[in-house]
Each structure stands twice: as C-alpha cells, then as structure tokens.
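Enquirer: Here you go, start_29.txt (compact mmCIF, C-alpha atoms and all ligand atoms):
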```
# COMPACT_ATOMS: atom_id res chain seq x y z
CA MET T 1 -5.56 -31.74 10.24
CA SER T 2 -3.75 -30.82 7.07
CA ILE T 3 -0.09 -31.72 6.92
CA HIS T 4 0.46 -28.13 5.81
CA SER T 5 -1.02 -26.63 8.96
CA ARG T 6 1.05 -23.97 10.63
CA VAL T 7 0.83 -23.14 14.31
CA ALA T 8 1.83 -20.18 16.44
CA ILE T 9 1.84 -19.80 20.21
CA VAL T 10 1.18 -16.30 21.58
CA THR T 11 1.65 -15.64 25.30
CA GLY T 12 -0.26 -12.88 27.12
CA ALA T 13 -2.87 -13.05 24.37
CA ALA T 14 -6.11 -12.34 26.24
CA LYS T 15 -5.92 -8.66 25.41
CA GLY T 16 -3.76 -5.82 24.15
CA ILE T 17 -0.83 -6.46 21.84
CA GLY T 18 -0.93 -10.26 22.29
CA ARG T 19 -4.58 -10.49 21.25
CA ALA T 20 -3.89 -8.36 18.16
CA ILE T 21 -0.96 -10.60 17.21
CA ALA T 22 -3.04 -13.77 17.68
CA LEU T 23 -5.83 -12.46 15.45
CA ARG T 24 -3.41 -11.21 12.82
CA LEU T 25 -1.68 -14.59 12.62
CA ALA T 26 -5.08 -16.31 12.34
CA ARG T 27 -5.95 -13.92 9.52
CA ASP T 28 -2.64 -14.95 7.90
CA GLY T 29 -3.79 -18.60 7.98
CA LEU T 30 -2.12 -19.96 11.11
CA ASN T 31 -3.71 -21.98 13.88
CA VAL T 32 -3.01 -20.15 17.10
CA VAL T 33 -2.46 -21.32 20.67
CA VAL T 34 -3.25 -18.43 22.99
CA ASN T 35 -1.92 -18.28 26.53
CA ASP T 36 -2.64 -16.03 29.49
CA LEU T 37 -3.06 -16.21 33.26
CA PRO T 38 -5.93 -18.40 34.62
CA LYS T 39 -7.85 -15.29 35.75
CA MET T 40 -8.06 -14.31 32.05
CA ARG T 41 -9.65 -17.60 30.93
CA ASN T 42 -12.92 -16.04 29.70
CA GLU T 43 -11.15 -13.36 27.66
CA LEU T 44 -8.82 -16.02 26.28
CA GLU T 45 -11.75 -18.19 25.21
CA ASP T 46 -13.22 -15.14 23.47
CA VAL T 47 -9.99 -14.78 21.49
CA THR T 48 -10.22 -18.41 20.34
CA SER T 49 -13.76 -17.70 19.10
CA GLU T 50 -12.43 -14.72 17.18
CA ILE T 51 -9.70 -16.93 15.71
CA SER T 52 -12.31 -19.37 14.41
CA ALA T 53 -13.94 -16.49 12.51
CA PHE T 54 -10.81 -16.60 10.32
CA LYS T 55 -11.46 -20.33 9.73
CA GLN T 56 -8.42 -21.26 11.81
CA GLN T 57 -8.28 -23.31 14.98
CA GLY T 58 -7.56 -21.68 18.30
CA LEU T 59 -6.56 -23.29 21.57
CA ALA T 60 -6.62 -21.51 24.94
CA VAL T 61 -3.99 -22.68 27.42
CA CYS T 62 -3.90 -20.89 30.75
CA GLY T 63 -0.60 -20.66 32.59
CA ASP T 64 2.00 -18.35 34.02
CA VAL T 65 4.91 -17.82 31.62
CA SER T 66 7.33 -17.49 34.54
CA ASN T 67 6.46 -20.99 35.80
CA GLU T 68 8.73 -23.60 34.21
CA ASN T 69 6.23 -26.47 34.38
CA GLU T 70 3.42 -24.33 33.02
CA MET T 71 5.62 -23.24 30.11
CA LYS T 72 6.42 -26.91 29.38
CA SER T 73 2.68 -27.69 29.52
CA LEU T 74 1.95 -24.87 27.08
CA ILE T 75 4.29 -26.40 24.52
CA ALA T 76 3.06 -29.95 25.20
CA SER T 77 -0.61 -28.91 24.83
CA SER T 78 0.20 -27.19 21.54
CA VAL T 79 1.89 -30.28 20.14
CA GLU T 80 -0.93 -32.51 21.37
CA LYS T 81 -3.64 -30.34 19.79
CA PHE T 82 -1.95 -29.62 16.50
CA GLY T 83 -0.58 -33.03 15.78
CA SER T 84 2.57 -35.00 16.30
CA LEU T 85 5.87 -33.63 15.17
CA ASP T 86 5.46 -35.58 11.94
CA VAL T 87 2.28 -33.93 10.74
CA ILE T 88 3.25 -30.30 11.22
CA LYS T 89 4.99 -29.57 7.98
CA SER T 90 6.00 -25.98 8.53
CA SER T 91 8.07 -24.69 11.39
CA PHE T 92 6.11 -23.39 14.34
CA LYS T 93 6.26 -19.93 15.85
CA MET T 94 6.58 -18.68 19.42
CA ILE T 95 5.51 -15.13 20.20
CA SER T 96 6.66 -14.42 23.75
CA ASN T 97 4.51 -11.37 24.39
CA ALA T 98 3.35 -11.59 28.04
CA GLY T 99 4.66 -8.81 30.22
CA ILE T 100 3.88 -6.59 33.17
CA ALA T 101 4.98 -3.09 34.17
CA LEU T 102 5.10 -0.69 37.08
CA THR T 103 6.64 2.69 37.76
CA GLN T 104 8.73 3.50 40.80
CA PRO T 105 11.78 5.76 41.18
CA LEU T 106 14.86 4.11 42.67
CA ILE T 107 14.91 6.68 45.45
CA GLU T 108 12.28 9.30 46.10
CA THR T 109 12.65 12.04 48.70
CA TYR T 110 9.48 13.78 49.72
CA LYS T 111 10.22 17.48 50.10
CA SER T 112 7.64 18.08 52.84
CA ASP T 113 9.21 15.90 55.51
CA SER T 114 12.41 14.63 53.78
CA THR T 115 11.21 11.05 54.12
CA MET T 116 13.17 8.84 51.77
CA VAL T 117 11.18 6.21 49.91
CA VAL T 118 13.11 3.55 48.02
CA ALA T 119 11.90 1.16 45.34
CA PRO T 120 10.88 -2.17 46.91
CA THR T 121 13.20 -4.97 45.79
CA GLU T 122 10.07 -7.13 45.42
CA ASP T 123 9.04 -4.90 42.50
CA TRP T 124 12.30 -5.75 40.73
CA ASP T 125 11.72 -9.46 41.35
CA ARG T 126 8.09 -9.38 40.21
CA ILE T 127 8.78 -7.53 36.96
CA ASN T 128 11.85 -9.50 36.02
CA LYS T 129 10.19 -12.80 36.88
CA VAL T 130 7.55 -12.31 34.20
CA ASN T 131 9.40 -10.19 31.64
CA ALA T 132 12.93 -11.65 31.75
CA ARG T 133 12.51 -15.16 33.20
CA GLY T 134 9.23 -15.66 31.29
CA THR T 135 10.96 -14.76 28.03
CA PHE T 136 13.88 -17.06 28.85
CA LEU T 137 11.50 -19.98 29.44
CA ALA T 138 9.48 -19.26 26.30
CA TYR T 139 12.61 -19.08 24.14
CA LYS T 140 14.13 -22.18 25.74
CA TYR T 141 11.16 -24.53 25.49
CA ALA T 142 10.14 -23.27 22.06
CA ALA T 143 13.68 -23.86 20.80
CA ILE T 144 13.75 -27.40 22.21
CA GLN T 145 10.54 -28.23 20.35
CA MET T 146 11.69 -26.57 17.13
CA ILE T 147 15.01 -28.44 17.18
CA LYS T 148 13.12 -31.74 17.73
CA GLN T 149 10.95 -30.96 14.71
CA GLY T 150 14.02 -30.16 12.63
CA ARG T 151 12.26 -27.62 10.44
CA GLY T 152 13.59 -24.38 11.88
CA GLY T 153 11.26 -21.93 13.54
CA ARG T 154 10.45 -18.37 14.41
CA ILE T 155 10.70 -16.82 17.86
CA VAL T 156 9.63 -13.23 18.56
CA GLY T 157 9.96 -11.53 21.95
CA ALA T 158 8.48 -8.39 23.50
CA SER T 159 11.05 -5.73 24.30
CA SER T 160 10.19 -2.01 24.27
CA ILE T 161 11.58 1.45 23.70
CA ALA T 162 12.43 0.89 27.36
CA GLY T 163 14.71 -1.87 26.14
CA LYS T 164 16.68 0.70 24.15
CA GLN T 165 17.20 3.50 26.68
CA GLY T 166 16.49 4.33 30.30
CA PHE T 167 13.37 6.23 31.39
CA PRO T 168 12.98 7.81 34.83
CA GLU T 169 10.84 5.77 37.23
CA TRP T 170 10.84 2.70 34.97
CA GLY T 171 14.06 1.08 36.33
CA PRO T 172 13.00 -2.56 36.85
CA TYR T 173 10.91 -2.53 33.66
CA VAL T 174 13.76 -1.01 31.61
CA ALA T 175 16.15 -3.65 32.95
CA SER T 176 13.72 -6.43 32.06
CA LYS T 177 13.32 -5.15 28.50
CA PHE T 178 17.09 -4.80 28.02
CA ALA T 179 17.25 -8.42 29.16
CA VAL T 180 14.80 -9.42 26.42
CA ARG T 181 16.99 -7.73 23.79
CA GLY T 182 20.16 -9.35 25.13
CA LEU T 183 18.57 -12.77 25.19
CA THR T 184 17.17 -12.24 21.69
CA GLN T 185 20.62 -11.48 20.28
CA THR T 186 22.24 -14.41 22.06
CA ALA T 187 19.54 -16.92 21.17
CA ALA T 188 19.66 -15.76 17.55
CA ILE T 189 23.36 -16.57 17.33
CA GLU T 190 23.01 -19.92 19.09
CA LEU T 191 19.94 -21.10 17.18
CA GLN T 192 20.94 -19.95 13.70
CA LYS T 193 22.38 -23.38 12.86
CA HIS T 194 18.94 -24.89 13.48
CA GLY T 195 17.19 -22.50 11.09
CA ILE T 196 15.51 -20.72 13.97
CA THR T 197 15.30 -16.92 13.90
CA VAL T 198 14.87 -14.85 17.05
CA ASN T 199 13.78 -11.21 16.93
CA ALA T 200 12.01 -8.72 19.19
CA TYR T 201 9.65 -5.79 18.86
CA CYS T 202 10.24 -2.50 20.67
CA PRO T 203 7.02 -0.48 20.71
CA GLY T 204 6.63 3.07 21.87
CA PRO T 205 3.62 3.82 24.07
CA VAL T 206 0.55 1.73 23.15
CA ALA T 207 -2.83 2.50 24.75
CA THR T 208 -3.44 -0.88 26.37
CA GLN T 209 -4.47 -2.03 29.84
CA LEU T 210 -0.81 -2.06 30.84
CA LEU T 211 -0.59 1.74 30.68
CA LEU T 212 -4.12 2.23 32.07
CA ASP T 213 -3.23 0.12 35.14
CA ILE T 214 -0.10 2.18 35.77
CA ALA T 215 -2.04 5.44 35.45
CA ALA T 216 -4.71 4.18 37.87
CA HIS T 217 -2.10 3.02 40.38
CA ARG T 218 -0.26 6.35 40.24
CA GLU T 219 -3.48 8.28 40.66
CA ALA T 220 -4.52 6.18 43.65
CA HIS T 221 -1.17 6.96 45.29
CA GLY T 222 -1.17 10.66 44.39
CA ARG T 223 1.84 10.24 42.14
CA GLY T 224 0.83 12.33 39.15
CA GLU T 225 0.88 11.43 35.48
CA THR T 226 2.72 8.42 34.10
CA PRO T 227 6.25 9.43 33.08
CA ILE T 228 6.27 8.45 29.41
CA PRO T 229 7.72 10.39 26.50
CA ASP T 230 5.30 12.60 24.62
CA TRP T 231 5.54 10.58 21.42
CA LYS T 232 2.88 9.67 18.94
CA PRO T 233 1.24 6.51 20.34
CA VAL T 234 1.39 3.39 18.23
CA GLU T 235 -1.39 0.86 17.77
CA VAL T 236 -1.55 -2.83 18.57
CA ASP T 237 -2.05 -3.66 14.89
CA ASP T 238 1.25 -1.91 14.05
CA ILE T 239 3.04 -4.50 16.16
CA ALA T 240 0.89 -7.36 14.88
CA GLY T 241 1.86 -6.39 11.32
CA LEU T 242 5.55 -6.55 12.19
CA VAL T 243 5.15 -9.97 13.82
CA SER T 244 3.20 -11.21 10.80
CA PHE T 245 6.25 -10.36 8.69
CA LEU T 246 8.84 -11.77 11.10
CA VAL T 247 7.24 -15.24 11.22
CA LYS T 248 7.20 -15.68 7.45
CA GLU T 249 9.43 -18.34 5.92
CA GLU T 250 11.28 -15.79 3.77
CA THR T 251 12.68 -13.95 6.79
CA LYS T 252 15.16 -16.74 7.45
CA ASN T 253 18.14 -14.36 7.41
CA ILE T 254 16.59 -11.69 9.61
CA THR T 255 17.58 -12.62 13.14
CA GLY T 256 18.87 -11.11 16.37
CA GLN T 257 17.17 -7.78 15.63
CA SER T 258 15.02 -5.58 17.85
CA PHE T 259 12.62 -3.57 15.74
CA ASN T 260 11.36 -0.16 16.82
CA VAL T 261 7.64 0.46 16.37
CA ASN T 262 7.53 4.07 17.51
CA ALA T 263 6.56 6.35 14.62
CA GLY T 264 10.14 7.48 14.12
CA ALA T 265 10.70 8.85 17.62
CA LEU T 266 13.83 6.80 18.30
CA PHE T 267 16.44 5.61 15.82
CA ASP T 268 18.69 3.37 17.89
P1 LIG I 301 -1.54 -5.81 28.52
O1 LIG I 301 -1.45 -5.63 30.00
O2 LIG I 301 -2.65 -5.17 27.80
O3 LIG I 301 -1.54 -7.36 28.15
C1 LIG I 301 -0.57 -8.23 28.69
C2 LIG I 301 -1.18 -9.61 28.88
O4 LIG I 301 -0.17 -10.45 29.47
C3 LIG I 301 -2.37 -9.58 29.84
O5 LIG I 301 -3.49 -10.22 29.27
C4 LIG I 301 -1.85 -10.30 31.08
O6 LIG I 301 -2.85 -10.99 31.80
C5 LIG I 301 -0.79 -11.23 30.48
N1 LIG I 301 0.17 -11.68 31.47
C6 LIG I 301 0.75 -10.93 32.45
N2 LIG I 301 1.56 -11.71 33.18
C7 LIG I 301 1.49 -12.95 32.66
C8 LIG I 301 2.10 -14.18 32.99
N3 LIG I 301 2.94 -14.28 34.04
N4 LIG I 301 1.82 -15.27 32.24
C9 LIG I 301 0.96 -15.19 31.19
N5 LIG I 301 0.36 -14.04 30.82
C10 LIG I 301 0.62 -12.94 31.56
O7 LIG I 301 -0.12 -5.32 27.95
P2 LIG I 301 0.33 -4.94 26.46
O8 LIG I 301 0.47 -3.48 26.39
O9 LIG I 301 -0.49 -5.67 25.47
O10 LIG I 301 1.82 -5.52 26.49
C11 LIG I 301 2.23 -6.70 25.81
C12 LIG I 301 3.75 -6.72 25.78
O11 LIG I 301 4.23 -5.55 25.09
C13 LIG I 301 4.38 -6.66 27.17
O12 LIG I 301 5.53 -7.50 27.20
C14 LIG I 301 4.77 -5.22 27.33
O13 LIG I 301 5.83 -5.02 28.23
C15 LIG I 301 5.16 -4.87 25.90
N6 LIG I 301 5.10 -3.43 25.61
C16 LIG I 301 3.96 -2.70 25.85
C17 LIG I 301 3.96 -1.33 25.58
C18 LIG I 301 2.76 -0.46 25.85
O14 LIG I 301 2.90 0.78 25.83
N7 LIG I 301 1.58 -1.00 26.10
C19 LIG I 301 5.11 -0.72 25.06
C20 LIG I 301 6.23 -1.49 24.83
C21 LIG I 301 6.22 -2.85 25.10
```
Show me this structure written as structure tokens.
Expert:
Amino acid sequence: MSIHSRVAIVTGAAKGIGRAIALRLARDGLNVVVNDLPKMRNELEDVTSEISAFKQQGLAVCGDVSNENEMKSLIASSVEKFGSLDVIKSSFKMISNAGIALTQPLIETYKSDSTMVVAPTEDWDRINKVNARGTFLAYKYAAIQMIKQGRGGRIVGASSIAGKQGFPEWGPYVASKFAVRGLTQTAAIELQKHGITVNAYCPGPVATQLLLDIAAHREAHGRGETPIPDWKPVEVDDIAGLVSFLVKEETKNITGQSFNVNAGALFD
C-alpha cells in the first residue's frame, strides 16, 4: 500500500449512477470501496473486478445505509482494508449515492366509484429511511473518520431535481431529496473548519433501474406512465464526471452546493 493511496467509498454502487461513479473514481486513480444491499453482492463483486481493470483496488462491503451499525462497519472495513489512519496520506471521500424511489399521489380519488385512496404512511417512512436517514448516517460517520484523520475530506450526496422543486406523485421522494440538500448545506457549514467539503448532485431523469422499477410498478397497477418532466435525459457518466471534479483537492472552497445535472432544464 502506497502512502499516497487515495480511497473513496460509494454507496449504492452495484448499478446505475453509483456504479458509474465508482468506475470513474477508479479511472481517476482512487481505490474504491463499493457498498450495496446484500442481495446485490454478485453485482457488487463484478464492480470490484471492473475497478481492478483500472489497476486500482476495490472492496465490496454489503450493508444497508439506513442501518447505523452497518454504516459504522462500512467505514471500519474501509479503514481496515486501506490501511491505518497514518498510511492514508490524502483525505478520503464519501459518495452517499444509495437511494430508492416510488410514486404515489397524496390523495387519489377514483372517478368511477369516488373511492379515495391515500398515500400509505409506510411509503414515506421507507423512502425517507434510505434517502434521508441513510444520507445522515453516511455524512456523520464519514465526517467522524475524516476528522480523526485530520486531513480534510470530500463528501458528496445524492439529491435530485426533485430536491429543488415539487413534482406531482413524488411527495415522499421530493421531501427526502430536499432533506439531502438541507443536510448538505448544514454539514458544509459545520465541517468547513475541518477542511471537509460537502456537496450534492441533482440529476434530471436518468435511465436507470430506479425509473424502470417505477414504470413496471405503475404498469402492474394500471397507473399509466411515470409522471416525470419531458426533459432531455442525462447519463450516469454525466454525474460521475461531476463527482470526479468535486472530490479533487483543488475544490476545497466549493462546499454546500447542490449541482444540477439536467441539460439546462432547471436553473435554480
Ligand atoms: P438504481 O436503483 O439504479 O441504483 C441504486 C442502488 O442503491 C441500487 O443498486 C440499490 O440496490 C442500492 N440501494 C438501495 N437501497 C439501499 C440501501 N438501503 N443501502 C445500500 N444500497 C441501497 O438508482 P440510480 O438511478 O442509480 O440512483 C442513484 C441515486 O441517484 C439515488 O439516490 C437516486 O435517488 C438519485 N437520483 C436518480 C435519478 C434517476 O433518474 N435515476 C435522478 C435523480 C437522482
């Protein structure tokens, strides 16, 4: 292990945006710890093989980002694999990418029989547990480790265009992505004195499993097309490129920002 080795942790990295970020950071010369749910172990192992093609080391650590002990284990495994605090010269990076989504109007009245259907509160809990609580845990335990190392750090979270404005039928998801932006701003202010930057990406629609799953669920329940704006889709590598920039050492004064990746469809 070189004393110059750099390490990034990417959550939700078995596929989609997280996988693209992990491979981009490996291409940039970082060792990468990839995390995802246990059911994604095989896909996660495949990503570590792809990382080694860039002559970097990968480590797959399964765990649920919303589980406090599993988040602690993710950090501990990363430190164990990539050396003690003393041998990692550069600051490490946390990319809190894992997230889930669903669509459900708050209240839906079926015209045929006037039956009122309301959004299950469990949906709110499920979404916010992964997207908001998971981000909180990732930021918290990454920051603890970075402060112990005393060399600053880079934290990047996954918000969305849905973290910038409301979209019909996306209530719990929108709330969770606003939470990510709020936490990003607050953590940025609090952690600035430790040389830690905290930023977020806000993609427009990206053709990943997340959107495919929503479309399939809506179709199975006769709910029509997914209500997303008719904007030019963006690609996973667009987001990976942004993250590649945000984790660089020279971005030390770029913090608390939420960057749109949406082909100019939204300017907030
Ligand atoms: P995806 O479904 O393709 O991938 C998400 C990954 O996260 C999956 O591999 C999944 O298994 C993992 N994951 C889910 N819950 C987890 C948990 N509790 N712990 C660990 N891993 C977990 O989704 P994606 O499109 O790549 O989305 C990545 C992030 O980008 C999400 O936070 C999402 O909300 C956000 N985002 C996506 C879009 C889009 O249009 N796809 C747009 C804006 C923001």
Enquirer: Each side padded by 4 Å, which centre and which edge lengths in Å (one decimal) define the axis-aligned box around the listed atoms of segment 11-21 of chain T? Give them as AutoDock Vina command-line options.
Expert:
```
--center_x -2.2 --center_y -10.7 --center_z 22.2 --size_x 15.8 --size_y 17.8 --size_z 17.9
```
Enquirer: Excluding Ala162 of chain T and residues on its chain fewer than 4 positions from it, collect all residues at most 7 Å away from it, counting all atoms listed in the file, and give them as a compact mmCIF listing (two decimals) with C-alpha atoms, in the frame of the given file.
Expert:
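Output saved as out_37.txt:
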```txt
# COMPACT_ATOMS: atom_id res chain seq x y z
CA GLY T 166 16.49 4.33 30.30
CA PHE T 167 13.37 6.23 31.39
CA VAL T 174 13.76 -1.01 31.61
CA LYS T 177 13.32 -5.15 28.50
```
Enquirer: Would you pick out the contacts of Ala13 of chain T at 10 Å or less, using only C-alpha atoms, so that residues sharing its chain but fewer than 2 positions from it are not included, and give the list as a PyMOL selection string?
Expert: chain T and resi 9-11+15-23+33-37+40+43-44+47-48+60+95-98
Enquirer: Could you work out how far atom CA of Asn131 of chain T lies from atom CA of Ser66 of chain T, giving the answer in Å with one decimal?
Expert: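 Computing it gives 8.1 Å between the two atoms.
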Enquirer: Which polymer residues have any atom within 10 Å of an atom of Lys248 of chain T, counting only C-alpha atoms, with same-chain residues fewer than 5 positions away left out, as a list of chain:residue names?
Expert: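 Final neighbour list, sorted by chain and number: T:Asp28, T:Ser91, T:Lys93, T:Gly153, T:Arg154, T:Val243.
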Enquirer: With all atoms listed in the file as the basis for distance, which of T:Leu183, T:Val61, T:Ile144, T:Leu210 is at the shortest distance from ligand LIG 301 (chain I)?
Expert: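 Residue with the minimum atom-to-atom distance to ligand LIG 301 (chain I): T:Leu210.
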Enquirer: Would you pick out the contacts of Gln104 of chain T at 7 Å or less, using only C-alpha atoms, so that residues sharing its chain but fewer than 2 positions from it are not included, and give the list as a list of chain:residue names?
Expert: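 The neighbour list is T:Leu102, T:Leu106, T:Ala119, T:Glu169, T:Trp170.
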Enquirer: Counting all atoms listed in the file, find the residues whose atoms lie at most 7 Å from (16.2, -29.1, 15.5) (file coordinates) and write them out as a PDB file with C-alpha atoms, in the frame of the given file.
Expert:
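Contents of out_34.pdb, freshly written:
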```pdb
ATOM      1  CA  MET T 146      11.690 -26.570  17.130  1.00  0.00           C
ATOM      2  CA  ILE T 147      15.010 -28.440  17.180  1.00  0.00           C
ATOM      3  CA  LYS T 148      13.120 -31.740  17.730  1.00  0.00           C
ATOM      4  CA  GLN T 149      10.950 -30.960  14.710  1.00  0.00           C
ATOM      5  CA  GLY T 150      14.020 -30.160  12.630  1.00  0.00           C
ATOM      6  CA  ARG T 151      12.260 -27.620  10.440  1.00  0.00           C
ATOM      7  CA  GLY T 152      13.590 -24.380  11.880  1.00  0.00           C
ATOM      8  CA  HIS T 194      18.940 -24.890  13.480  1.00  0.00           C
TER       9      HIS T 194
END
```
Enquirer: Separation of atom CA of Gln257 of chain T and atom CA of Val156 of chain T, in Å?
Expert: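 One can read the atom CA of Gln257 of chain T to atom CA of Val156 of chain T distance as 9.8 Å.
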Enquirer: If you count all atoms listed in the file, which residues fall within 8 Å of Ala142 of chain T, apart from same-chain ones fewer than 5 positions away, as a PyMOL selection string?
Expert: chain T and resi 75+94+155
Enquirer: Quick one: distance from atom O12 of ligand LIG 301 (chain I) to atom CA of Asp268 of chain T in Å, one decimal?
Expert: 19.4 Å
